[in-house]
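**Q** Sharing a structure, written as structure tokens. Questions coming.
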Amino acid sequence: MAIRNITNFNDPLFRKKSKDVVKFDTRLWALLDDMRDTLERVKGYGCAAVHVGILRRAVVVLAEAGVIELINPSILEASDETQRVLEGSISPAAPRGYVDRPVKVTVSALDRHCNPITVTGEGFLSATFCHEIDHLDGILFTDKSVELIS
């Protein structure tokens with residue numbers, strides 16, 4: 001696998017909407033593996049494909065239970081209860097800030113083999129899912145931040 005270059009937070013690419021993944025092949029698997037390796041190298045929690053310059057709806061999250069890969073994800077349910085979470089980015093030049101996110105979300109997606117999956121996250125994992133899925137729609141956490149701190 002390979003460590004990929006990470007897109008600068010101020011790059012206009014982050015404002016573009018990512019396209020659905022339609023081919024589930026070795027190129028996709030290599031992208032997912034590279035995203036995981038890159039994320040582990042920078043000690044991050046989540047990586048949308050746009051972080052490595054690819055406008056595809058693919059997300060990798062490092063969770064306590066292991067690696068979670070989400071292809072073409074969408075949020076099915078979000079709790080009404082929210083939490084204020086300090087967020088940042090693996091991208092260079094990113095600030096940090098507080099964002100109000102649902103305490104719990106359920107995400108529908110496909111796995112790397114095009115099988116449907118449903119994943120529920122609570123607490124920080126919920127916020128990570130929301131943060132990365134927002135990236136796929138050209139939304140940055142700073143757009144939703146209630147307070148930027150750096």
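Ordered as shown in the structure tokens, chains take letters A, B, and onward, while each chain numbers its residues from 1 and ligands are numbered from 1 in the order shown.
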Find the residues near range 96-108 of chain A: any atom within 6 Å, counting only C-alpha atoms, skip ones fewer than 5 places away on the same chain, and give them as a ChimeraX atom specification.
**A** /A:73-79,81-88,117-123,126-127,145-150
**Q** Give me, as a tab-separated table, each residue of range 106-149 of chain A that comes within 7 Å of range 37-61 of chain A, together with its shortest interatomic pair and the distance in Å at one decimal, counting only C-alpha atoms, with rows ordered by chain and rising residue number.
**A**
residue	atom	partner	partner_atom	distance
A:Thr128	CA	A:Gly46	CA	6.4
A:Glu132	CA	A:Ala48	CA	5.6
A:His135	CA	A:Ala48	CA	6.6
A:Leu136	CA	A:Arg57	CA	5.8
**Q** Emit the selected residues as a JSON list (two decimals), in the first residue's frame, including C-alpha atoms.
**A**
[["chain", "number", "residue", "atom", "x", "y", "z"],
["A", 128, "THR", "CA", -16.56, 11.39, 12.72],
["A", 132, "GLU", "CA", -16.46, 12.72, 6.71],
["A", 135, "HIS", "CA", -16.78, 16.22, 3.03],
["A", 136, "LEU", "CA", -18.39, 14.13, 0.29]]
**Q** Please return, as a PyMOL selection string, all residues of chain A that DSSP assigns to strand (DSSP E) on the basis of the backbone.
**A** chain A and resi 46-48+58-63+66-78+82-87+97-102+104-110+116-122+145-148
**Q** Check the smallest atom-to-atom distance from each of A:Lys23, A:Arg36, A:His113, A:Lys17 to Ala63 in chain A using only C-alpha atoms, then report the winner.
**A** A:Arg36
**Q** Would you mind listing what lies within 8 Å of Leu140 in chain A as a ChimeraX atom specification, with only C-alpha atoms counted and same-chain residues fewer than 3 positions away left out?
**A** /A:14-15,131,134-135,143-144
**Q** Go ahead and save the picked residues with C-alpha atoms, as a PDB file, in the first residue's frame.
**A**
ATOM      1  CA  PHE A  14     -12.979  20.387  -0.810  1.00  0.00           C
ATOM      2  CA  ARG A  15     -15.970  22.457  -2.011  1.00  0.00           C
ATOM      3  CA  HIS A 131     -17.682  15.060   9.454  1.00  0.00           C
ATOM      4  CA  ASP A 134     -20.094  16.175   4.932  1.00  0.00           C
ATOM      5  CA  HIS A 135     -16.784  16.223   3.027  1.00  0.00           C
ATOM      6  CA  ASP A 143     -19.232  25.804   7.831  1.00  0.00           C
ATOM      7  CA  LYS A 144     -21.007  24.355  10.875  1.00  0.00           C
TER       8      LYS A 144
END
**Q** Can you work out the spacing between CA of Asn115 in chain A and CA of Ile139 in chain A in Å, to one decimal?
**A**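 If I compute the distance from CA of Asn115 in chain A to CA of Ile139 in chain A, I get 26.6 Å.
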**Q** Under the rule that only C-alpha atoms are counted, which of A:Asp80, A:Asp11, A:Asp111, A:Glu64 is the nearest residue to Asp25 in chain A?
**A**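 Counting only C-alpha atoms, the residue closest to Asp25 in chain A is A:Asp111.
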**Q** Would you please work out which residue, of A:Ile90, A:Leu62, A:Glu69, A:Phe124, is nearest to Leu28 in chain A when using only C-alpha atoms?
**A**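 Using only C-alpha atoms, Leu28 in chain A sits closest to A:Glu69.
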